[in-house]
Amino acid sequence: MLSEKNLERIRHSVPGGTWRDCPENLILDCHKKDTGKSYSSVYGRMQWDDVAPTITTQFTGYGTGRFGHPVQDRTLTQKEGAIL
């Protein structure tokens, strides 16, 4: 289950999107720094017609990679991750 902030973030994200889709008030301070701007896959959504991301042990967390469901406002389930 997503926190309220992450639910707001994922609602702003589009398939293939990233944290850059979010309004300024939802962007973390670490991504506003030059050193954090290159982490484009965190807070991202997958897309149906693209290669799936590498599944890590934290794939059920929205802020750990591009693990947002392509169209539903949620992260991947454990079953979906296992299938990938």
# chains A, B, ... in the order shown; residues from 1 in each chain; ligands from 1

$ residues_around --residues "Ala52 (chain A)" --least-positions-apart "4" --cutoff "8 Å" --atoms "only C-alpha atoms" --output "list in words"
Met46, Gln47 and Leu84 of chain A

$ closest_residue --among "A:Pro70, A:Leu28, A:Pro23, A:Gln78" --to "Asp49 (chain A)" --atoms "only C-alpha atoms"
A:Pro70

$ closest_residue --among "A:Arg66, A:Arg74, A:Lys32, A:Lys37" --to "Ile10 (chain A)" --atoms "only C-alpha atoms"
A:Arg74

$ atom_distance --atom1 "CA of Glu8 (chain A)" --atom2 "CA of Asp73 (chain A)"
9.1 Å

$ closest_residue --among "A:Arg20, A:Lys79, A:Arg11, A:Arg45" --to "Phe67 (chain A)" --atoms "only C-alpha atoms"
A:Arg45

$ residues_around --residues "His31 (chain A)" --least-positions-apart "6" --cutoff "12 Å" --atoms "only C-alpha atoms" --output "PyMOL selection string"
chain A and resi 18-20+22+24-25+37-43+63

$ write_last_selection --atoms "all heavy atoms" --output "short mmCIF file (atom, residue, chain, number, x, y, z; two decimals), in the first residue's frame"
data_model
loop_
_atom_site.label_atom_id
_atom_site.label_comp_id
_atom_site.auth_asym_id
_atom_site.auth_seq_id
_atom_site.Cartn_x
_atom_site.Cartn_y
_atom_site.Cartn_z
N THR A 18 8.55 9.34 -14.66
CA THR A 18 9.46 9.36 -13.52
C THR A 18 8.98 10.39 -12.50
O THR A 18 7.93 11.00 -12.67
CB THR A 18 10.88 9.74 -13.96
OG1 THR A 18 10.92 11.14 -14.27
CG2 THR A 18 11.35 8.94 -15.14
N TRP A 19 9.82 10.61 -11.50
CA TRP A 19 9.53 11.63 -10.49
C TRP A 19 9.44 13.01 -11.14
O TRP A 19 8.83 13.93 -10.58
CB TRP A 19 10.57 11.62 -9.38
CG TRP A 19 11.99 11.82 -9.85
CD1 TRP A 19 12.88 10.83 -10.15
CD2 TRP A 19 12.66 13.05 -10.09
NE1 TRP A 19 14.08 11.38 -10.56
CE2 TRP A 19 13.97 12.74 -10.53
CE3 TRP A 19 12.31 14.38 -9.99
CZ2 TRP A 19 14.91 13.71 -10.86
CZ3 TRP A 19 13.25 15.35 -10.31
CH2 TRP A 19 14.53 15.01 -10.73
N ARG A 20 10.00 13.17 -12.30
CA ARG A 20 9.96 14.47 -12.98
C ARG A 20 8.54 14.87 -13.41
O ARG A 20 8.29 16.03 -13.73
CB ARG A 20 10.88 14.45 -14.19
CG ARG A 20 12.35 14.35 -13.80
CD ARG A 20 13.23 14.37 -15.03
NE ARG A 20 14.62 14.30 -14.64
CZ ARG A 20 15.41 13.25 -14.88
NH1 ARG A 20 14.93 12.19 -15.50
NH2 ARG A 20 16.67 13.26 -14.49
N CYS A 22 6.09 14.86 -11.42
CA CYS A 22 5.43 15.39 -10.21
C CYS A 22 5.53 16.91 -10.13
O CYS A 22 6.51 17.50 -10.60
CB CYS A 22 6.09 14.81 -8.96
SG CYS A 22 5.85 13.06 -8.74
N GLU A 24 6.30 20.38 -8.19
CA GLU A 24 7.45 20.74 -7.34
C GLU A 24 7.28 20.32 -5.88
O GLU A 24 8.23 19.85 -5.27
CB GLU A 24 7.67 22.27 -7.43
CG GLU A 24 8.89 22.77 -6.70
CD GLU A 24 10.19 22.43 -7.40
OE1 GLU A 24 10.18 22.12 -8.60
OE2 GLU A 24 11.23 22.46 -6.71
N ASN A 25 6.10 20.45 -5.32
CA ASN A 25 5.91 20.14 -3.90
C ASN A 25 6.02 18.64 -3.59
O ASN A 25 6.14 18.26 -2.44
CB ASN A 25 4.56 20.67 -3.41
CG ASN A 25 3.38 19.97 -4.04
OD1 ASN A 25 3.32 19.80 -5.25
ND2 ASN A 25 2.43 19.57 -3.22
N LYS A 37 19.56 14.28 -9.80
CA LYS A 37 18.76 14.44 -11.01
C LYS A 37 18.94 13.28 -11.99
O LYS A 37 18.11 13.08 -12.86
CB LYS A 37 19.10 15.76 -11.70
CG LYS A 37 18.60 16.95 -10.91
CD LYS A 37 18.90 18.25 -11.60
CE LYS A 37 18.36 19.40 -10.75
NZ LYS A 37 18.62 20.69 -11.35
N SER A 38 20.00 12.50 -11.84
CA SER A 38 20.25 11.41 -12.78
C SER A 38 19.47 10.15 -12.43
O SER A 38 19.41 9.22 -13.23
CB SER A 38 21.74 11.09 -12.85
OG SER A 38 22.19 10.62 -11.60
N TYR A 39 18.87 10.09 -11.27
CA TYR A 39 18.10 8.90 -10.86
C TYR A 39 16.69 8.99 -11.44
O TYR A 39 15.73 9.28 -10.75
CB TYR A 39 18.06 8.78 -9.34
CG TYR A 39 19.42 8.55 -8.74
CD1 TYR A 39 20.12 9.58 -8.13
CD2 TYR A 39 20.00 7.29 -8.81
CE1 TYR A 39 21.38 9.36 -7.58
CE2 TYR A 39 21.25 7.07 -8.28
CZ TYR A 39 21.93 8.10 -7.67
OH TYR A 39 23.17 7.88 -7.15
N SER A 40 16.59 8.71 -12.71
CA SER A 40 15.32 8.94 -13.40
C SER A 40 14.31 7.81 -13.25
O SER A 40 13.14 7.98 -13.57
CB SER A 40 15.57 9.21 -14.88
OG SER A 40 16.20 8.10 -15.47
N SER A 41 14.73 6.64 -12.80
CA SER A 41 13.76 5.53 -12.76
C SER A 41 12.97 5.48 -11.46
O SER A 41 11.91 4.85 -11.43
CB SER A 41 14.47 4.20 -12.99
OG SER A 41 15.35 3.93 -11.94
N VAL A 42 13.43 6.12 -10.40
CA VAL A 42 12.69 6.05 -9.14
C VAL A 42 11.38 6.82 -9.25
O VAL A 42 11.28 7.80 -9.98
CB VAL A 42 13.52 6.55 -7.94
CG1 VAL A 42 14.72 5.65 -7.72
CG2 VAL A 42 13.97 7.97 -8.12
N TYR A 43 10.39 6.35 -8.55
CA TYR A 43 9.04 6.92 -8.62
C TYR A 43 8.51 6.89 -10.06
O TYR A 43 7.84 7.80 -10.51
CB TYR A 43 8.99 8.34 -8.06
CG TYR A 43 9.32 8.40 -6.60
CD1 TYR A 43 10.55 8.86 -6.16
CD2 TYR A 43 8.41 7.96 -5.65
CE1 TYR A 43 10.87 8.90 -4.82
CE2 TYR A 43 8.71 7.99 -4.30
CZ TYR A 43 9.95 8.46 -3.89
OH TYR A 43 10.25 8.49 -2.56
N GLY A 63 9.31 4.05 -4.44
CA GLY A 63 10.46 4.94 -4.52
C GLY A 63 11.78 4.25 -4.80
O GLY A 63 12.83 4.89 -4.76
#
